[in-house]
Structures are given as C-alpha cells and as structure tokens.
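Encoded as structure tokens, the structure appears first; notes follow it.
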Amino acid sequence: MRFSTVVLLVTPLVVAFACKPAVETTPPVADAPASLVALTGASVLIGAGDIAACDSKGDEQTAHVVDSVLRADSAAKVHDEVFTLGDNAYPTGSASDYATCFTPSWGDTGKLIMKNIRPSPGNHEHITNAAAPYYEYFGNRAGSPKKGYYSYDIGEWHVIVLNSEIVVNGVFTADDQKAQLDWLADDVKSHKQKCSLAYWHHPRFSSGWHGSDPRIGAFWAILYEGGVDLILNGHDHEYERFLPQTPNAVVDSAHGMPEFVVGTGGGELRGFEKTVPNSAMRIQGHFGVLKLTLGATEWRSAFLDVNGKVWDPSGGSCH
C-alpha cells in the first residue's frame, strides 16, 4: 500500500521527466597525445556548464581537474581563465545552493578557480529572484546585474559572454532583448582581434534532451557576420561538438563556427536524443571539462574527463 501511495504522489514528476533519454555511457578511448592540444605561447580557457549539485560528486571531480590545470599552467606562467556555461548551482541558484553546493567544489577558495572565473547564467539561476544570488556571489565578474552579458580578452583572443535567459525567459522584455543584441553587435564591431569566441547557456544546436533552440538564432547571425570563431554552450548534460556551420546549419569550413555543448560540470548526466545534422562528436555518461588552447591565429580543444582521459582533440585556424 505504501508503494502505491508513493507512485500516485510522484506521478506528475514521472510524467514530466519520462522523456529524458537514458544515458548510454560512451566507451573510453585512448588518450590523445598532449602535443595535439598544446600551442606554444598560447593561453588556456577551461570550464563546463551545469555544475554544482549537492547530491553529486561530479562537481568536486571536475573542480579538481580544472584546479590541476590552473596550477600546472600557473607554474608555467600560462594565462588561464575559467568559464562556466550556466546552471552553476542546483536546484534553484539560491544563496543556499551557492553556499552549500558550489562553494565546496568550484567555489572553494583553496583552489585557483574563483581567481580566474568568468561565469555565465543559466535558467536555474533565474528561478531565484531574477538570478540575484548569482550576481551577488560572483560580483563584478558576472557583469551588470539583470544583464549578465560582458566581454573580456585572454591572450590574443576576445571573449563574449551572453545571457540567453534574456532570449528565452518571458520575464525579460523585448527591450531587454534588443539591448543585448545591440550591445553584442557593437562589441563585435569594436574589437578587432583576429580570434574570438562566445559562450552562453542555451545551445542553438544540440542532440541532447533539450535539443536545438532556434530562438538563439539572432546571436548566431551577429556572431557569424562578425567572424567569431567558436561557440560554447551548456544546458544539455553531455558533451557534443559540431562541425563549423552557418546560423542555418550549413557546413562552412571557411567561415562557419564550431559549437561545443559541455553540460558535464557535475549535474545529472543525460543521454542523447536523435542526432542533429553536423554533429561531429558526442560523449555521454562522463563528467568532464572542455580545455581550449588559444594561440595567436589558431586553437586546439579537448574534453578532459574526471578519470584522466583526453577525448576528442580538435582544432582550427581563426577566420
């Protein structure tokens, strides 16, 4: 009888989450040689999205990977920055979630992460008071409160951080959306570095549970027109890399932008749905982070899992 009662009580939740694809853990591959992801004199950008959950050890494990890279690079005098791709603290992005879930892992002041962090917000941040705890926790590193978009430079690269909640969350107005797009267009035009990338939470293209979101197309249009080289996103809890493509999903090796979905920072891992066109690599069932090595005219990438494996070495030249 107790079992039947529980089933009735949780039935709405079961219905809500029944469509989540099962995780079919991607088999391990041979480690990539370090030379494939290294560039002499380059800077390093490392991170992931969908990070801290108090009921998971994944965020402690990915924090260890990030901190280890930062310490090794610090000794070698390499310029590093840490990105987050939103949904930094589950379940609601509250002050308590940040204090009890994020702080013991990525927010641990005994690690180097918080000294180098460049966050972006996700939908879970905005569950609590328009993401106020997020802005309070990260301070001026998170950009202006209620906006959350900003840019910075790392080595020879320009990096743009956007707030996709302004696009998909009805709390924000058409004026808010226009303000971000106007800022983005101005930022792209005013920075003349040969190499640039952008990141935010919701992916335009994804084979994951949430899937592709065409509402993000306006970001892509401006970034593609401006010659931006790479796109990083979270939201779907697995790793996926796309071929360089246009905003309309046409492969374009000359001017297209590769997109990385890296929702593997510590939150519940998920599987894939139907594979989206131009998906070049998919990894599920592994916590890990994306390491980008950013040279003056080119880049290298690799997915580093928490067991020490190096997956999917890739790279390219700047537009």
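Scheme for the structure tokens: letters A, B, ... for chains in order shown; per-chain residue numbers from 1; ligand numbers from 1 in order shown.
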Do you have, as CSV, the list of residues of stretch 44-114 of chain A lying at most 8 Å from stretch 298-317 of chain A, each with its nearest atom pair and that distance in Å to one decimal, counting only C-alpha atoms and ordered by chain then number?
```
residue,atom,partner,partner_atom,distance
A:Gln61,CA,A:Val306,CA,5.8
A:Thr62,CA,A:Val306,CA,6.0
A:Val65,CA,A:Val306,CA,6.5
```
Restricting it to N, CA and C atoms, dump the selection as a short mmCIF file (atom, residue, chain, number, x, y, z; two decimals), in the first residue's frame.
```cif
data_model
loop_
_atom_site.label_atom_id
_atom_site.label_comp_id
_atom_site.auth_asym_id
_atom_site.auth_seq_id
_atom_site.Cartn_x
_atom_site.Cartn_y
_atom_site.Cartn_z
N GLN A 61 34.72 16.54 -8.63
CA GLN A 61 35.68 15.90 -9.53
C GLN A 61 36.11 16.83 -10.66
N THR A 62 35.16 17.54 -11.26
CA THR A 62 35.54 18.46 -12.33
C THR A 62 36.31 19.65 -11.77
N VAL A 65 39.89 18.68 -11.65
CA VAL A 65 40.54 18.73 -12.97
C VAL A 65 40.91 20.16 -13.33
#
```
Using DSSP on the backbone, list every residue of stretch 69-262 of chain A that comes out as alpha helix (DSSP H), and give them as a ChimeraX atom specification. /A:69-75,95-97,113-116,132-138,165-168,174-190,217-225
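Considering only C-alpha atoms, the residue among A:Glu273, A:Glu24, A:Asp50, A:Asp175 positioned nearest to A:Val289 is A:Asp50.
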What's around A:Pro145 at 9 Å? Count only C-alpha atoms, leave out sequence neighbours fewer than 4 positions away in its own chain, and write the answer as an MDAnalysis selection string. chainID A and resid 131:132 134:136 139:140
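Inside stretch 8-151 of chain A, the residues DSSP reads as strand (DSSP E) when given the backbone are A:Ser43, A:Val44, A:Leu45, A:Ile46, A:Gly47, A:Ala48, A:Asp80, A:Glu81, A:Val82, A:Phe83, A:Thr84, A:Ile117, A:Arg118, A:Tyr150, A:Ser151.
Candidate residues A:Pro277, A:Gly58, A:Gly234, A:Pro203 were compared for distance to A:Phe219, and the nearest is A:Pro203, using only C-alpha atoms.
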Excluding A:Ser105 and residues on its chain fewer than 2 positions from it, collect all residues at most 8 Å away from it, counting only C-alpha atoms, and give them as number ranges by chain. A: 52, 59-60, 63, 101-103, 107-108
Mind writing the picked residues with C-alpha atoms as a CSV table (one decimal), in the first residue's frame?
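Generated output (again.csv):
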```
chain,number,residue,atom,x,y,z
A,52,ALA,CA,27.1,22.1,-8.7
A,59,ASP,CA,31.3,18.9,-9.4
A,60,GLU,CA,34.0,18.1,-6.9
A,63,ALA,CA,36.8,21.2,-9.9
A,101,CYS,CA,26.8,23.1,-3.4
A,102,PHE,CA,29.0,25.4,-5.4
A,103,THR,CA,31.4,26.7,-2.7
A,107,GLY,CA,33.9,27.9,-5.3
A,108,ASP,CA,36.5,26.5,-2.9
```
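Picture a line from atom CA of A:His202 to atom CA of A:Leu85; it runs 8.6 Å.
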Give me, as a PDB file with N, CA and C atoms, in the first residue's frame, all polymer residues having an atom no more than 10 Å from A:Ile283, counting only C-alpha atoms and skipping those fewer than 3 positions away in the same chain.
```pdb
ATOM      1  N   GLU A  24      23.707   6.215 -22.149  1.00  0.00           N
ATOM      2  CA  GLU A  24      24.470   5.070 -22.633  1.00  0.00           C
ATOM      3  C   GLU A  24      25.941   5.494 -22.667  1.00  0.00           C
ATOM      4  N   THR A  25      26.655   5.170 -21.605  1.00  0.00           N
ATOM      5  CA  THR A  25      27.997   5.694 -21.396  1.00  0.00           C
ATOM      6  C   THR A  25      28.904   5.410 -22.589  1.00  0.00           C
ATOM      7  N   THR A  26      29.491   6.465 -23.124  1.00  0.00           N
ATOM      8  CA  THR A  26      30.397   6.328 -24.260  1.00  0.00           C
ATOM      9  C   THR A  26      31.644   5.557 -23.831  1.00  0.00           C
ATOM     10  N   PRO A  27      32.037   4.501 -24.575  1.00  0.00           N
ATOM     11  CA  PRO A  27      33.222   3.723 -24.201  1.00  0.00           C
ATOM     12  C   PRO A  27      34.481   4.583 -24.201  1.00  0.00           C
ATOM     13  N   PRO A  28      35.404   4.326 -23.268  1.00  0.00           N
ATOM     14  CA  PRO A  28      36.644   5.102 -23.225  1.00  0.00           C
ATOM     15  C   PRO A  28      37.451   4.948 -24.505  1.00  0.00           C
ATOM     16  N   HIS A 237      23.085  17.922 -20.762  1.00  0.00           N
ATOM     17  CA  HIS A 237      24.084  17.401 -19.836  1.00  0.00           C
ATOM     18  C   HIS A 237      24.918  16.277 -20.445  1.00  0.00           C
ATOM     19  N   GLU A 238      25.649  16.627 -21.465  1.00  0.00           N
ATOM     20  CA  GLU A 238      26.599  15.733 -22.107  1.00  0.00           C
ATOM     21  C   GLU A 238      27.553  16.600 -22.918  1.00  0.00           C
ATOM     22  N   TYR A 239      28.475  15.964 -23.637  1.00  0.00           N
ATOM     23  CA  TYR A 239      29.428  16.697 -24.470  1.00  0.00           C
ATOM     24  C   TYR A 239      29.102  16.448 -25.936  1.00  0.00           C
ATOM     25  N   GLU A 240      29.079  17.538 -26.715  1.00  0.00           N
ATOM     26  CA  GLU A 240      28.860  17.409 -28.141  1.00  0.00           C
ATOM     27  C   GLU A 240      29.633  18.507 -28.868  1.00  0.00           C
ATOM     28  N   ARG A 241      30.265  18.120 -29.977  1.00  0.00           N
ATOM     29  CA  ARG A 241      30.961  19.092 -30.833  1.00  0.00           C
ATOM     30  C   ARG A 241      30.361  19.059 -32.229  1.00  0.00           C
ATOM     31  N   VAL A 262      28.801  21.605 -23.532  1.00  0.00           N
ATOM     32  CA  VAL A 262      29.588  20.988 -22.457  1.00  0.00           C
ATOM     33  C   VAL A 262      28.827  21.119 -21.140  1.00  0.00           C
ATOM     34  N   THR A 264      28.605  19.110 -18.635  1.00  0.00           N
ATOM     35  CA  THR A 264      29.148  17.956 -17.919  1.00  0.00           C
ATOM     36  C   THR A 264      29.892  18.337 -16.647  1.00  0.00           C
ATOM     37  N   GLY A 271      21.459  11.343 -21.588  1.00  0.00           N
ATOM     38  CA  GLY A 271      21.816  10.783 -22.875  1.00  0.00           C
ATOM     39  C   GLY A 271      21.393  11.679 -24.015  1.00  0.00           C
ATOM     40  N   PHE A 272      21.570  11.162 -25.236  1.00  0.00           N
ATOM     41  CA  PHE A 272      21.229  11.910 -26.431  1.00  0.00           C
ATOM     42  C   PHE A 272      19.873  11.473 -26.985  1.00  0.00           C
ATOM     43  N   HIS A 286      29.887  10.858 -18.888  1.00  0.00           N
ATOM     44  CA  HIS A 286      31.193  11.215 -18.332  1.00  0.00           C
ATOM     45  C   HIS A 286      31.175  12.664 -17.857  1.00  0.00           C
ATOM     46  N   PHE A 287      31.505  12.885 -16.585  1.00  0.00           N
ATOM     47  CA  PHE A 287      31.757  14.241 -16.125  1.00  0.00           C
ATOM     48  C   PHE A 287      33.106  14.695 -16.691  1.00  0.00           C
ATOM     49  N   PHE A 303      38.290  17.404 -24.602  1.00  0.00           N
ATOM     50  CA  PHE A 303      37.421  17.141 -23.460  1.00  0.00           C
ATOM     51  C   PHE A 303      38.213  16.310 -22.456  1.00  0.00           C
ATOM     52  N   TRP A 311      39.706  13.304 -24.485  1.00  0.00           N
ATOM     53  CA  TRP A 311      38.804  12.914 -25.567  1.00  0.00           C
ATOM     54  C   TRP A 311      38.760  13.988 -26.656  1.00  0.00           C
ATOM     55  N   ASP A 312      38.459  13.558 -27.854  1.00  0.00           N
ATOM     56  CA  ASP A 312      38.055  14.420 -28.959  1.00  0.00           C
ATOM     57  C   ASP A 312      38.999  15.613 -29.192  1.00  0.00           C
TER      58      ASP A 312
END
```
Selection: 9 Å around A:Ser207, only C-alpha atoms, excl. self and same-chain fewer than 2 positions, as a list in words: Phe205, Trp209, His210, Gly211, Ser212, Asp236, Glu240, Phe272, Glu273, Lys274, Thr275, Val276, Pro277, Ser279 and Arg282 of chain A
For the selection you just gave me, I'd like the residues written to a file as a PDB file, in the first residue's frame, keeping N, CA and C atoms.
```pdb
ATOM      1  N   PHE A 205      22.207  24.563 -31.416  1.00  0.00           N
ATOM      2  CA  PHE A 205      22.162  23.214 -31.966  1.00  0.00           C
ATOM      3  C   PHE A 205      22.523  22.209 -30.874  1.00  0.00           C
ATOM      4  N   TRP A 209      18.658  16.239 -24.703  1.00  0.00           N
ATOM      5  CA  TRP A 209      17.266  16.197 -24.279  1.00  0.00           C
ATOM      6  C   TRP A 209      16.533  17.505 -24.580  1.00  0.00           C
ATOM      7  N   HIS A 210      17.149  18.638 -24.258  1.00  0.00           N
ATOM      8  CA  HIS A 210      16.509  19.926 -24.556  1.00  0.00           C
ATOM      9  C   HIS A 210      16.497  20.198 -26.051  1.00  0.00           C
ATOM     10  N   GLY A 211      17.559  19.816 -26.736  1.00  0.00           N
ATOM     11  CA  GLY A 211      17.619  19.947 -28.174  1.00  0.00           C
ATOM     12  C   GLY A 211      17.981  21.345 -28.662  1.00  0.00           C
ATOM     13  N   SER A 212      17.902  21.525 -29.971  1.00  0.00           N
ATOM     14  CA  SER A 212      18.250  22.796 -30.604  1.00  0.00           C
ATOM     15  C   SER A 212      17.207  23.861 -30.294  1.00  0.00           C
ATOM     16  N   ASP A 236      22.298  21.082 -22.078  1.00  0.00           N
ATOM     17  CA  ASP A 236      22.173  19.633 -22.228  1.00  0.00           C
ATOM     18  C   ASP A 236      23.371  18.969 -21.571  1.00  0.00           C
ATOM     19  N   GLU A 240      29.079  17.538 -26.715  1.00  0.00           N
ATOM     20  CA  GLU A 240      28.860  17.409 -28.141  1.00  0.00           C
ATOM     21  C   GLU A 240      29.633  18.507 -28.868  1.00  0.00           C
ATOM     22  N   PHE A 272      21.570  11.162 -25.236  1.00  0.00           N
ATOM     23  CA  PHE A 272      21.229  11.910 -26.431  1.00  0.00           C
ATOM     24  C   PHE A 272      19.873  11.473 -26.985  1.00  0.00           C
ATOM     25  N   GLU A 273      19.238  12.389 -27.687  1.00  0.00           N
ATOM     26  CA  GLU A 273      18.070  12.093 -28.494  1.00  0.00           C
ATOM     27  C   GLU A 273      18.553  11.829 -29.931  1.00  0.00           C
ATOM     28  N   LYS A 274      17.740  12.133 -30.916  1.00  0.00           N
ATOM     29  CA  LYS A 274      18.125  11.955 -32.307  1.00  0.00           C
ATOM     30  C   LYS A 274      19.274  12.885 -32.668  1.00  0.00           C
ATOM     31  N   THR A 275      20.274  12.344 -33.349  1.00  0.00           N
ATOM     32  CA  THR A 275      21.454  13.126 -33.697  1.00  0.00           C
ATOM     33  C   THR A 275      21.102  14.238 -34.672  1.00  0.00           C
ATOM     34  N   VAL A 276      21.532  15.442 -34.336  1.00  0.00           N
ATOM     35  CA  VAL A 276      21.287  16.625 -35.155  1.00  0.00           C
ATOM     36  C   VAL A 276      22.328  16.680 -36.281  1.00  0.00           C
ATOM     37  N   PRO A 277      21.954  17.140 -37.466  1.00  0.00           N
ATOM     38  CA  PRO A 277      22.935  17.270 -38.548  1.00  0.00           C
ATOM     39  C   PRO A 277      24.157  18.080 -38.132  1.00  0.00           C
ATOM     40  N   SER A 279      26.586  17.164 -36.297  1.00  0.00           N
ATOM     41  CA  SER A 279      27.186  16.752 -35.035  1.00  0.00           C
ATOM     42  C   SER A 279      28.393  15.864 -35.328  1.00  0.00           C
ATOM     43  N   ARG A 282      30.007  13.033 -29.986  1.00  0.00           N
ATOM     44  CA  ARG A 282      29.076  13.003 -28.867  1.00  0.00           C
ATOM     45  C   ARG A 282      29.628  12.084 -27.786  1.00  0.00           C
TER      46      ARG A 282
END
```
Residues at most 8 Å from A:Gly47, counting only C-alpha atoms, excluding those fewer than 4 positions away in the same chain, as JSON, numbers by chain? {"A": [66, 82, 83, 84, 85, 265, 289, 290, 291]}
